[in-house]
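Data block for run_35.cif (mmCIF, C-alpha atoms):
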data_final
#
loop_
_atom_site.label_atom_id
_atom_site.label_comp_id
_atom_site.auth_asym_id
_atom_site.auth_seq_id
_atom_site.Cartn_x
_atom_site.Cartn_y
_atom_site.Cartn_z
CA TYR C 1 -16.87 19.68 -11.37
CA LYS C 2 -16.06 19.84 -7.64
CA CYS C 3 -13.25 17.53 -6.68
CA LYS C 4 -14.37 17.15 -3.06
CA ARG C 5 -17.58 15.51 -4.23
CA SER C 6 -16.11 13.62 -7.15
CA ARG C 7 -15.88 9.87 -6.81
CA PRO C 8 -14.06 7.46 -9.14
CA ASP C 9 -17.21 5.39 -9.68
CA VAL C 10 -18.97 8.29 -11.39
CA TRP C 11 -16.10 9.34 -13.62
CA ARG C 12 -16.58 8.98 -17.33
CA ARG C 13 -15.65 5.66 -18.88
CA MET C 14 -13.79 5.73 -22.12
CA SER C 15 -13.57 3.08 -24.84
CA THR C 16 -11.33 2.88 -27.86
CA ALA C 17 -14.09 2.31 -30.38
CA GLY C 18 -13.08 5.49 -32.19
CA GLY C 19 -9.59 4.16 -32.75
CA GLN C 20 -7.79 6.18 -30.07
CA VAL C 21 -4.52 4.88 -28.68
CA TYR C 22 -3.27 5.76 -25.21
CA ASP C 23 0.37 6.47 -24.57
CA LEU C 24 0.04 4.47 -21.36
CA CYS C 25 -2.51 2.13 -19.85
CA VAL C 26 -2.00 1.37 -16.16
CA VAL C 27 -3.61 -1.91 -15.12
CA GLY C 28 -4.45 -2.04 -11.43
CA ALA C 29 -6.17 0.83 -9.59
CA GLY C 30 -4.70 0.26 -6.15
CA MET C 31 -2.11 2.39 -4.40
CA ILE C 32 0.84 1.89 -6.75
CA GLY C 33 -1.18 1.88 -9.97
CA SER C 34 -3.15 4.99 -8.99
CA ALA C 35 0.08 6.79 -8.07
CA ALA C 36 1.67 5.81 -11.39
CA ALA C 37 -1.35 7.13 -13.29
CA ARG C 38 -1.20 10.41 -11.37
CA HIS C 39 2.46 11.00 -12.16
CA ALA C 40 2.27 9.86 -15.78
CA SER C 41 -0.71 12.12 -16.44
CA GLU C 42 1.26 15.13 -15.15
CA VAL C 43 3.42 14.95 -18.29
CA PRO C 44 2.00 17.33 -20.93
CA GLY C 45 0.59 15.63 -24.00
CA VAL C 46 0.67 12.11 -22.54
CA ARG C 47 -2.65 10.24 -22.75
CA VAL C 48 -3.12 7.93 -19.78
CA CYS C 49 -5.77 5.36 -18.89
CA LEU C 50 -6.15 3.65 -15.49
CA VAL C 51 -8.12 0.40 -15.35
CA GLY C 52 -9.35 -1.32 -12.21
CA PRO C 53 -12.54 -2.10 -10.28
CA SER C 54 -13.99 -0.02 -7.48
CA GLU C 55 -13.84 -1.28 -3.92
CA PRO C 56 -16.61 -3.88 -3.60
CA LYS C 57 -19.54 -3.24 -1.30
CA VAL C 58 -19.94 -5.63 1.60
CA THR C 59 -22.85 -7.24 -0.25
CA ASP C 60 -20.60 -7.89 -3.26
CA LEU C 61 -17.75 -9.59 -1.41
CA MET C 62 -18.89 -13.10 -2.28
CA THR C 63 -19.22 -12.36 -6.01
CA GLY C 64 -16.27 -10.04 -6.64
CA SER C 65 -13.28 -11.44 -8.53
CA ILE C 66 -10.58 -8.87 -7.71
CA PHE C 67 -9.71 -7.42 -4.31
CA GLY C 68 -7.15 -4.96 -3.00
CA SER C 69 -5.38 -4.49 0.31
CA HIS C 70 -6.12 -0.75 0.35
CA TYR C 71 -9.69 -1.29 1.56
CA ASP C 72 -8.69 0.08 4.94
CA GLU C 73 -8.62 3.24 7.07
CA GLY C 74 -5.40 2.69 9.00
CA ARG C 75 -1.82 2.35 7.74
CA ILE C 76 1.27 3.48 9.62
CA THR C 77 3.33 6.08 7.80
CA ARG C 78 6.88 6.76 8.89
CA ALA C 79 10.32 7.62 7.55
CA LEU C 80 12.20 5.52 10.12
CA ASP C 81 13.18 2.23 8.48
CA ASN C 82 15.98 -0.31 8.71
CA ASP C 83 16.27 -0.38 4.91
CA PRO C 84 17.66 2.85 3.39
CA THR C 85 15.74 2.39 0.14
CA TRP C 86 12.36 2.01 1.82
CA ALA C 87 13.22 4.95 4.07
CA LEU C 88 14.03 7.13 1.04
CA LEU C 89 10.84 6.17 -0.79
CA ALA C 90 8.81 6.96 2.33
CA ARG C 91 10.42 10.38 2.84
CA ARG C 92 9.84 11.39 -0.77
CA SER C 93 6.20 10.30 -0.63
CA ILE C 94 5.43 11.90 2.73
CA ARG C 95 6.76 15.27 1.51
CA ARG C 96 3.95 15.35 -1.09
CA TYR C 97 1.03 14.26 1.12
CA ARG C 98 -0.19 17.74 2.02
CA ASP C 99 0.14 19.05 -1.53
CA LEU C 100 -1.91 16.09 -2.80
CA GLU C 101 -4.57 16.81 -0.18
CA ARG C 102 -4.72 20.47 -1.23
CA LYS C 103 -4.97 19.64 -4.93
CA THR C 104 -7.81 17.15 -4.50
CA GLY C 105 -9.65 18.31 -1.39
CA ILE C 106 -9.32 14.78 0.01
CA THR C 107 -7.63 14.44 3.39
CA PHE C 108 -5.93 11.14 4.20
CA PHE C 109 -2.87 11.88 6.39
CA ASN C 110 -2.90 12.14 10.19
CA ASP C 111 0.39 13.57 11.45
CA VAL C 112 0.21 12.12 14.98
CA GLY C 113 3.82 10.93 15.25
CA PHE C 114 5.48 7.53 15.48
CA LEU C 115 6.78 5.75 18.58
CA VAL C 116 9.21 2.81 18.58
CA VAL C 117 9.34 0.80 21.82
CA GLY C 118 12.08 -1.67 22.68
CA SER C 119 14.29 -2.87 25.48
CA VAL C 120 17.17 -0.67 26.65
CA ASN C 121 20.38 -1.21 24.65
CA SER C 122 18.78 -3.90 22.49
CA PRO C 123 20.14 -4.38 18.95
CA TYR C 124 16.74 -3.35 17.61
CA VAL C 125 16.67 -0.01 19.43
CA SER C 126 20.30 0.64 18.48
CA SER C 127 19.53 -0.03 14.80
CA VAL C 128 16.57 2.39 14.83
CA GLN C 129 18.75 5.08 16.41
CA GLU C 130 21.45 4.48 13.81
CA ASN C 131 18.91 4.68 10.99
CA ALA C 132 17.58 7.96 12.35
CA ARG C 133 21.10 9.41 12.36
CA ARG C 134 21.73 8.08 8.86
CA ASP C 135 18.61 9.74 7.46
CA GLY C 136 18.81 12.96 9.47
CA ILE C 137 15.63 12.23 11.44
CA SER C 138 15.41 13.93 14.81
CA THR C 139 14.12 11.59 17.52
CA ASN C 140 13.76 11.79 21.29
CA THR C 141 14.55 8.85 23.54
CA PHE C 142 12.22 8.49 26.53
CA SER C 143 12.43 6.28 29.60
CA ARG C 144 9.33 4.60 30.97
CA ALA C 145 8.64 7.58 33.25
CA GLN C 146 9.32 10.14 30.52
CA THR C 147 7.02 8.30 28.13
CA ALA C 148 4.23 8.34 30.73
CA ALA C 149 4.77 12.07 31.24
CA LYS C 150 4.51 12.69 27.49
CA PHE C 151 1.67 10.22 26.93
CA PRO C 152 -0.17 9.64 30.24
CA PHE C 153 -2.22 6.79 28.73
CA LEU C 154 0.89 4.72 27.85
CA ASP C 155 2.92 2.31 29.97
CA ILE C 156 5.79 0.87 27.96
CA GLY C 157 6.92 -1.41 30.78
CA GLU C 158 9.97 -1.97 32.94
CA GLY C 159 13.33 -1.90 31.15
CA MET C 160 11.90 -0.44 27.96
CA VAL C 161 12.60 2.83 26.13
CA ALA C 162 10.62 4.73 23.51
CA LEU C 163 12.02 6.52 20.46
CA TRP C 164 9.73 9.38 19.47
CA ASP C 165 9.56 10.82 15.94
CA SER C 166 7.15 13.74 16.04
CA GLN C 167 7.20 15.11 12.50
CA ASN C 168 5.72 13.94 9.19
CA CYS C 169 4.62 10.53 10.42
CA GLY C 170 1.59 8.86 11.94
CA HIS C 171 -1.08 7.09 9.93
CA LEU C 172 -3.08 7.42 6.73
CA SER C 173 -6.33 6.17 5.26
CA ALA C 174 -5.34 3.86 2.42
CA ARG C 175 -8.71 4.07 0.67
CA ARG C 176 -8.78 7.89 0.88
CA LEU C 177 -5.20 8.06 -0.40
CA VAL C 178 -6.24 6.00 -3.42
CA ASP C 179 -9.21 8.34 -3.92
CA ALA C 180 -6.85 11.33 -3.83
CA LEU C 181 -4.37 9.78 -6.28
CA GLN C 182 -7.14 8.88 -8.72
CA THR C 183 -8.78 12.29 -8.39
CA ALA C 184 -5.45 13.99 -9.12
CA ALA C 185 -4.95 11.77 -12.16
CA HIS C 186 -8.48 12.48 -13.40
CA LEU C 187 -8.02 16.24 -13.01
CA GLN C 188 -4.92 15.93 -15.21
CA GLY C 189 -6.88 14.18 -17.97
CA CYS C 190 -6.41 10.51 -17.07
CA ASP C 191 -9.36 8.29 -18.05
CA VAL C 192 -10.44 5.89 -15.30
CA VAL C 193 -12.15 2.69 -16.43
CA ARG C 194 -13.97 0.70 -13.73
CA ASP C 195 -13.41 -2.82 -15.01
CA VAL C 196 -11.29 -5.93 -14.46
CA VAL C 197 -8.60 -6.68 -17.03
CA ALA C 198 -8.72 -10.20 -18.41
CA SER C 199 -5.67 -10.14 -20.69
CA VAL C 200 -2.93 -8.08 -22.33
CA GLU C 201 -2.45 -9.12 -25.96
CA HIS C 202 -1.05 -8.10 -29.30
CA PRO C 203 -3.21 -5.39 -30.92
CA ALA C 204 -5.24 -5.68 -34.08
CA SER C 205 -3.51 -4.59 -37.28
CA TRP C 206 -5.43 -1.30 -37.51
CA ALA C 207 -4.44 -0.46 -33.92
CA ARG C 208 -0.81 -1.30 -34.58
CA ARG C 209 -0.87 1.03 -37.59
CA ALA C 210 -2.27 3.71 -35.26
CA GLY C 211 0.70 3.26 -32.93
CA ALA C 212 -0.54 0.68 -30.41
CA ASN C 213 1.82 -2.00 -29.18
CA LEU C 214 -0.61 -3.76 -26.82
CA ALA C 215 -4.33 -4.37 -26.40
CA VAL C 216 -5.84 -4.52 -22.89
CA LYS C 217 -9.03 -6.58 -22.82
CA THR C 218 -11.47 -6.38 -19.91
CA GLU C 219 -13.97 -8.85 -18.51
CA THR C 220 -16.87 -6.78 -19.89
CA GLY C 221 -15.48 -6.78 -23.42
CA LYS C 222 -13.75 -3.39 -23.60
CA ILE C 223 -10.54 -3.23 -25.61
CA ILE C 224 -8.08 -0.50 -24.72
CA HIS C 225 -5.12 0.07 -27.03
CA ALA C 226 -1.91 1.60 -25.76
CA LYS C 227 1.68 2.16 -26.74
CA ARG C 228 2.80 0.90 -23.33
CA VAL C 229 1.19 -0.94 -20.42
CA LEU C 230 2.19 -0.95 -16.76
CA LEU C 231 0.99 -3.81 -14.56
CA ALA C 232 0.40 -2.79 -10.94
CA THR C 233 -1.79 -5.77 -10.20
CA GLY C 234 -0.44 -7.03 -6.89
CA ALA C 235 -1.46 -10.50 -5.77
CA PHE C 236 -3.52 -11.09 -8.93
CA THR C 237 -0.67 -10.54 -11.43
CA THR C 238 -0.27 -14.19 -12.41
CA PHE C 239 -3.98 -15.09 -12.32
CA ARG C 240 -4.84 -13.34 -15.59
CA ARG C 241 -3.18 -13.41 -19.01
CA LEU C 242 -1.21 -10.26 -18.34
CA LEU C 243 2.39 -11.38 -18.74
CA PRO C 244 4.00 -13.25 -21.65
CA ALA C 245 3.09 -16.93 -21.60
CA HIS C 246 4.70 -19.09 -18.90
CA LEU C 247 6.37 -16.09 -17.24
CA ARG C 248 5.81 -15.73 -13.48
CA PRO C 249 7.56 -13.34 -11.09
CA ASP C 250 9.24 -14.94 -8.09
CA VAL C 251 6.94 -13.77 -5.29
CA GLN C 252 5.23 -15.19 -2.23
CA LEU C 253 1.61 -14.30 -1.61
CA THR C 254 1.27 -13.94 2.14
CA ALA C 255 -2.12 -13.93 3.84
CA GLN C 256 -2.17 -11.52 6.78
CA THR C 257 -4.46 -11.29 9.80
CA VAL C 258 -4.98 -8.05 11.73
CA PHE C 259 -7.20 -7.14 14.65
CA LEU C 260 -9.64 -4.26 14.89
CA VAL C 261 -10.26 -3.44 18.54
CA GLU C 262 -13.44 -1.44 18.98
CA LEU C 263 -13.26 1.29 21.62
CA SER C 264 -15.86 3.37 23.38
CA GLU C 265 -16.17 7.04 22.50
CA ASN C 266 -14.69 7.92 25.91
CA ASP C 267 -11.58 5.78 25.37
CA ALA C 268 -11.19 7.14 21.84
CA VAL C 269 -11.24 10.71 23.18
CA ARG C 270 -8.78 9.82 25.95
CA LEU C 271 -6.37 8.39 23.36
CA GLN C 272 -6.74 11.19 20.81
CA ARG C 273 -3.04 12.18 21.21
CA MET C 274 -1.84 8.61 20.76
CA PRO C 275 0.86 8.12 18.08
CA SER C 276 1.27 5.10 15.84
CA ILE C 277 3.41 2.57 17.69
CA PHE C 278 5.71 -0.30 16.87
CA THR C 279 7.11 -2.33 19.73
CA GLN C 280 9.77 -5.02 19.70
CA PRO C 281 10.02 -6.85 23.04
CA THR C 282 13.01 -8.96 23.98
CA ASP C 283 11.75 -11.99 22.00
CA GLU C 284 12.78 -11.50 18.37
CA GLY C 285 9.94 -11.96 15.90
CA LYS C 286 7.22 -11.19 18.43
CA GLY C 287 6.84 -7.49 17.79
CA TYR C 288 3.53 -5.82 17.02
CA TYR C 289 2.21 -2.52 15.75
CA ILE C 290 -0.77 -0.57 17.01
CA LEU C 291 -2.53 2.42 15.49
CA PRO C 292 -4.46 5.04 17.47
CA PRO C 293 -8.28 4.98 17.46
CA ILE C 294 -9.63 5.70 13.98
CA ARG C 295 -13.26 6.23 13.06
CA TYR C 296 -14.18 3.62 10.45
CA PRO C 297 -17.00 3.86 7.87
CA ASP C 298 -19.43 2.17 10.29
CA GLY C 299 -19.05 5.18 12.59
CA LYS C 300 -17.21 3.24 15.31
CA PHE C 301 -13.69 3.75 16.64
CA TYR C 302 -11.16 0.95 16.18
CA MET C 303 -7.49 0.47 17.02
CA LYS C 304 -5.77 -1.65 14.40
CA ILE C 305 -3.23 -4.13 15.77
CA GLY C 306 -0.89 -6.36 13.82
CA HIS C 307 1.42 -9.04 15.21
CA SER C 308 4.36 -8.88 12.81
CA GLU C 309 4.74 -12.23 11.01
CA ARG C 310 2.71 -14.26 13.47
CA TRP C 311 -0.23 -16.14 11.94
CA GLU C 312 0.91 -15.53 8.37
CA LEU C 313 -0.13 -18.10 5.80
CA VAL C 314 1.06 -18.59 2.22
CA VAL C 315 -1.61 -18.72 -0.50
CA HIS C 316 -1.00 -19.89 -4.05
CA THR C 317 -4.11 -19.87 -6.23
CA GLU C 318 -6.62 -17.23 -7.25
CA GLU C 319 -9.34 -19.09 -5.37
CA GLU C 320 -7.23 -19.10 -2.18
CA VAL C 321 -6.51 -15.37 -2.52
CA ARG C 322 -10.18 -14.52 -3.10
CA ASP C 323 -11.32 -16.73 -0.23
CA TRP C 324 -8.82 -15.07 2.08
CA PHE C 325 -10.01 -11.55 1.22
CA ARG C 326 -13.57 -12.69 1.87
CA SER C 327 -12.62 -14.24 5.20
CA LYS C 328 -11.87 -12.51 8.45
CA GLY C 329 -8.34 -13.79 8.66
CA ASN C 330 -6.80 -16.81 10.34
CA PRO C 331 -9.41 -18.31 12.69
CA GLU C 332 -6.57 -19.55 14.92
CA ALA C 333 -5.27 -16.01 15.43
CA ILE C 334 -5.85 -14.84 18.98
CA MET C 335 -5.61 -11.27 20.18
CA THR C 336 -2.71 -11.35 22.66
CA ARG C 337 -2.49 -9.30 25.83
CA PRO C 338 0.76 -7.28 25.37
CA PRO C 339 -0.67 -4.61 23.01
CA LEU C 340 -3.42 -3.80 25.49
CA ASP C 341 -0.99 -3.85 28.42
CA LEU C 342 0.58 -0.85 26.72
CA LEU C 343 -2.70 1.05 27.29
CA PRO C 344 -3.81 0.44 30.88
CA GLY C 345 -7.44 1.29 31.53
CA VAL C 346 -8.58 0.68 27.95
CA THR C 347 -11.53 -1.70 27.79
CA PRO C 348 -12.32 -3.11 24.32
CA VAL C 349 -15.97 -3.05 23.33
CA SER C 350 -15.30 -5.86 20.83
CA VAL C 351 -12.45 -7.43 18.87
CA HIS C 352 -12.67 -8.35 15.18
CA ARG C 353 -10.25 -9.96 12.73
CA ASP C 354 -9.62 -8.67 9.22
CA ALA C 355 -7.63 -10.03 6.28
CA CYS C 356 -5.35 -8.83 3.50
CA VAL C 357 -2.65 -10.28 1.24
CA THR C 358 0.89 -8.96 0.80
CA VAL C 359 3.20 -9.68 -2.13
CA LYS C 360 6.67 -10.53 -0.82
CA THR C 361 9.78 -10.69 -2.98
CA PRO C 362 12.91 -12.72 -2.10
CA THR C 363 14.95 -9.50 -2.03
CA ARG C 364 12.34 -7.64 0.09
CA GLN C 365 12.69 -4.91 -2.53
CA LEU C 366 10.13 -3.80 -5.10
CA TYR C 367 9.93 -5.16 -8.60
CA VAL C 368 9.81 -2.14 -10.92
CA ASP C 369 11.08 -3.30 -14.27
CA MET C 370 10.44 -3.50 -18.01
CA VAL C 371 9.35 -6.98 -19.10
CA THR C 372 9.35 -6.14 -22.81
CA THR C 373 9.91 -2.86 -24.64
CA SER C 374 6.23 -1.97 -24.15
CA LEU C 375 5.24 -3.82 -20.94
CA GLY C 376 6.40 -3.01 -17.42
CA VAL C 377 5.57 -4.13 -13.89
CA ALA C 378 5.42 -2.43 -10.49
CA LEU C 379 4.67 -4.90 -7.71
CA GLY C 380 6.05 -6.54 -4.57
CA GLY C 381 5.22 -4.08 -1.81
CA ASN C 382 6.31 -6.58 0.87
CA GLY C 383 3.70 -5.10 3.21
CA TRP C 384 5.52 -1.74 3.33
CA SER C 385 4.37 0.15 0.24
CA ALA C 386 1.28 2.08 1.43
CA LYS C 387 3.23 4.97 2.93
CA SER C 388 5.63 5.05 -0.04
CA CYS C 389 3.23 4.41 -2.91
CA ASP C 390 3.32 7.92 -4.36
CA GLU C 391 7.06 7.77 -4.94
CA ILE C 392 6.86 4.16 -6.14
CA GLY C 393 4.26 5.31 -8.67
CA ARG C 394 6.51 8.17 -9.78
CA MET C 395 9.41 5.74 -10.22
CA ALA C 396 7.26 3.37 -12.27
CA ALA C 397 5.74 6.18 -14.36
CA LYS C 398 9.16 7.56 -15.30
CA MET C 399 10.32 4.09 -16.33
CA ILE C 400 7.31 3.06 -18.40
CA LEU C 401 7.01 6.38 -20.24
CA LYS C 402 10.66 6.24 -21.26
CA GLY C 403 10.65 2.49 -21.86
CA GLN C 404 13.76 2.07 -19.76
CA TRP C 405 15.06 2.79 -16.27
CA ASP C 406 14.95 6.49 -15.39
CA TYR C 407 15.46 6.90 -11.64
CA ASP C 408 18.29 7.90 -9.30
CA LEU C 409 18.65 4.46 -7.68
CA PRO C 410 20.24 1.44 -9.42
CA ALA C 411 17.93 -0.44 -11.79
CA ALA C 412 19.36 -3.77 -10.61
CA GLN C 413 17.90 -3.17 -7.16
CA PHE C 414 14.35 -3.34 -8.58
CA ARG C 415 14.82 -5.94 -11.30
CA VAL C 416 12.24 -8.72 -11.45
CA ARG C 417 13.35 -12.17 -10.44
CA TRP C 418 11.46 -14.78 -12.39
CA ALA C 419 10.39 -18.13 -11.02
CA ALA C 420 12.96 -20.92 -11.43
CA GLY C 421 13.83 -21.78 -15.03
CA GLN C 422 12.23 -18.69 -16.59
CA GLN C 423 13.93 -15.97 -18.55
CA LYS C 424 12.89 -12.46 -19.43
CA PRO C 425 11.69 -12.29 -23.06
CA LYS C 426 13.78 -10.37 -25.55
CA LEU C 427 10.87 -8.78 -27.41
#

Have the structure of the file written as structure tokens, please.
Amino acid sequence: YKCKRSRPDVWRRMSTAGGQVYDLCVVGAGMIGSAAARHASEVPGVRVCLVGPSEPKVTDLMTGSIFGSHYDEGRITRALDNDPTWALLARRSIRRYRDLERKTGITFFNDVGFLVVGSVNSPYVSSVQENARRDGISTNTFSRAQTAAKFPFLDIGEGMVALWDSQNCGHLSARRLVDALQTAAHLQGCDVVRDVVASVEHPASWARRAGANLAVKTETGKIIHAKRVLLATGAFTTFRRLLPAHLRPDVQLTAQTVFLVELSENDAVRLQRMPSIFTQPTDEGKGYYILPPIRYPDGKFYMKIGHSERWELVVHTEEEVRDWFRSKGNPEAIMTRPPLDLLPGVTPVSVHRDACVTVKTPTRQLYVDMVTTSLGVALGGNGWSAKSCDEIGRMAAKMILKGQWDYDLPAAQFRVRWAAGQQKPKL
């Protein structure tokens, strides 16, 4: 076995026909679920199973039933954050990136730095500076001229400043991070089942006598018995029979549109020192982020650009979520000029839209909570969880293995809010 060549789709698939019972079955093989499986399988003697489909091929997009937002090569990773909890989760995750790469032979982190651009003395810039002081993050503040001296390809504009964080930040490949997390879990004995879960139910009597509390049934007919189950199923959580009847978490499924700006090889080379950037101009709510050129699986270089909350749509049904993942985003979304004004001389070869769905909670905090004594959830990334998923997975793994909260932040901060009129079951 050579982990550099190992791929999740060729890992062995296990069934429970022989009567085996897992200590934990993690449903959902995205970023949070894969991280939870990796941390749970580190515990000696704990039998873990991770269930979820592989990333669909382009030819399978129209027939696939489950999609994930980690089918991507570019996500910003940073410790600077307005929210101290998200900042802490990011720092703890980032510290383990290199160790995870060494253990698996899969590289996913590009430590190119992070640049925040805003107007001089604006509340936004002041808040970022205060957050950096709060978290002990060393940043440099550059004027327009100083920024151009540091990054000759950038022009942040008149009256703007740039805050530069140069260490342990930049961007990561979400799909390669998931590969690394699943490879680490597999090397620790976790069984990975490439299937879609249809329901979580009470187990058969023989399985209950063997110690199972729940039965996980897949669309292909597999039945996986486990003492505990963790749902890390993102936008699809309420579209299968996974939770107790009539119980729905209070979340908003938000359809996002991003732009992939194709660059020539020459422009990509010229921008090879470019950091990940977030800029907040004077108009509140009109910020955008931009990642440096990244080589995508088609061999071309793209800069990924997102426009904050502009062009967001709310989706409600499974059909709407699937259709959105299959689409190329909001057809009314237009690539605006300001991101490219930041990079004078760059000439796009082409511009493409892409789509994903984020799960937003009313608290803008994660839901990591026990639903019953044997069923837990970890969801609600709010669009910020990619960089922090390893620590989120560790938090969820500690909780579900113990059957109760077991983390150094207050449980109430991560408690699930149920849709109006619903109550958490007592079982």

List as a ChimeraX atom specification the protein and nucleic acid residues near region 325-333 of chain C, meaning an atom at most 8 Å away when all atoms listed in the file are counted, but skip any in the same chain fewer than 6 places from it. /C:61-62,67,255-258,311,352-357

Using the chain letters and numbers from this file, what does the PyMOL selection byres ((chain C and resi 29-33) around 8) select? Give the answer as a compact mmCIF listing (two decimals) with C-alpha atoms, in the coordinates of the input.
# COMPACT_ATOMS: atom_id res chain seq x y z
CA VAL C 26 -2.00 1.37 -16.16
CA VAL C 27 -3.61 -1.91 -15.12
CA GLY C 28 -4.45 -2.04 -11.43
CA SER C 34 -3.15 4.99 -8.99
CA ALA C 35 0.08 6.79 -8.07
CA ALA C 36 1.67 5.81 -11.39
CA ALA C 37 -1.35 7.13 -13.29
CA LEU C 50 -6.15 3.65 -15.49
CA VAL C 51 -8.12 0.40 -15.35
CA GLY C 52 -9.35 -1.32 -12.21
CA PRO C 53 -12.54 -2.10 -10.28
CA GLY C 68 -7.15 -4.96 -3.00
CA HIS C 70 -6.12 -0.75 0.35
CA ALA C 174 -5.34 3.86 2.42
CA LEU C 177 -5.20 8.06 -0.40
CA VAL C 178 -6.24 6.00 -3.42
CA LEU C 181 -4.37 9.78 -6.28
CA LEU C 231 0.99 -3.81 -14.56
CA ALA C 232 0.40 -2.79 -10.94
CA THR C 233 -1.79 -5.77 -10.20
CA ALA C 378 5.42 -2.43 -10.49
CA LEU C 379 4.67 -4.90 -7.71
CA ALA C 386 1.28 2.08 1.43
CA CYS C 389 3.23 4.41 -2.91
CA ASP C 390 3.32 7.92 -4.36
CA ILE C 392 6.86 4.16 -6.14
CA GLY C 393 4.26 5.31 -8.67

With only C-alpha atoms as the basis for distance, which of C:Gln404, C:Thr372, C:Thr363, C:Ser54 is at the shortest distance from Val192 (chain C)? C:Ser54

Using all atoms listed in the file: which of C:Val196, C:Ala79, C:Lys103, C:His171 has the shortest distance to Thr139 (chain C):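 Smallest separation from Thr139 (chain C) among the options: C:Ala79.
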
As a PyMOL selection string, please: the residues near Asn382 (chain C) (cut-off 6 Å, all atoms listed in the file, same-chain neighbours under 2 positions excluded). chain C and resi 358-360+380+384

Can you complete the atoms of region 244-256 of chain C to N, CA, C and O atoms and list them as a short mmCIF file (atom, residue, chain, number, x, y, z; two decimals), in the frame of the given file?
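Everything below was put into result.cif:
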data_model
loop_
_atom_site.label_atom_id
_atom_site.label_comp_id
_atom_site.auth_asym_id
_atom_site.auth_seq_id
_atom_site.Cartn_x
_atom_site.Cartn_y
_atom_site.Cartn_z
N PRO C 244 3.73 -12.26 -20.60
CA PRO C 244 4.00 -13.25 -21.65
C PRO C 244 3.83 -14.66 -21.12
O PRO C 244 4.06 -14.93 -19.93
N ALA C 245 3.42 -15.57 -21.99
CA ALA C 245 3.09 -16.93 -21.60
C ALA C 245 4.21 -17.59 -20.80
O ALA C 245 5.39 -17.44 -21.12
N HIS C 246 3.81 -18.29 -19.74
CA HIS C 246 4.70 -19.09 -18.90
C HIS C 246 5.69 -18.26 -18.09
O HIS C 246 6.66 -18.80 -17.55
N LEU C 247 5.47 -16.95 -18.00
CA LEU C 247 6.37 -16.09 -17.24
C LEU C 247 5.71 -15.71 -15.92
O LEU C 247 4.61 -15.15 -15.91
N ARG C 248 6.37 -16.02 -14.81
CA ARG C 248 5.81 -15.73 -13.48
C ARG C 248 6.88 -15.10 -12.61
O ARG C 248 7.98 -15.64 -12.47
N PRO C 249 6.58 -13.95 -11.99
CA PRO C 249 7.56 -13.34 -11.09
C PRO C 249 7.74 -14.20 -9.84
O PRO C 249 6.81 -14.87 -9.38
N ASP C 250 8.93 -14.19 -9.30
CA ASP C 250 9.24 -14.94 -8.09
C ASP C 250 8.74 -14.14 -6.89
O ASP C 250 9.43 -13.24 -6.39
N VAL C 251 7.54 -14.45 -6.43
CA VAL C 251 6.94 -13.77 -5.29
C VAL C 251 6.26 -14.79 -4.39
O VAL C 251 5.95 -15.91 -4.81
N GLN C 252 6.01 -14.39 -3.17
CA GLN C 252 5.23 -15.19 -2.23
C GLN C 252 4.02 -14.39 -1.82
O GLN C 252 4.14 -13.25 -1.37
N LEU C 253 2.85 -14.97 -2.00
CA LEU C 253 1.61 -14.30 -1.61
C LEU C 253 1.30 -14.68 -0.16
O LEU C 253 1.05 -15.85 0.15
N THR C 254 1.36 -13.70 0.71
CA THR C 254 1.27 -13.94 2.14
C THR C 254 -0.04 -13.40 2.69
O THR C 254 -0.32 -12.21 2.59
N ALA C 255 -0.83 -14.30 3.26
CA ALA C 255 -2.12 -13.93 3.84
C ALA C 255 -1.90 -13.40 5.26
O ALA C 255 -1.29 -14.08 6.09
N GLN C 256 -2.38 -12.19 5.51
CA GLN C 256 -2.17 -11.52 6.78
C GLN C 256 -3.47 -11.44 7.58
O GLN C 256 -4.56 -11.29 7.01
#
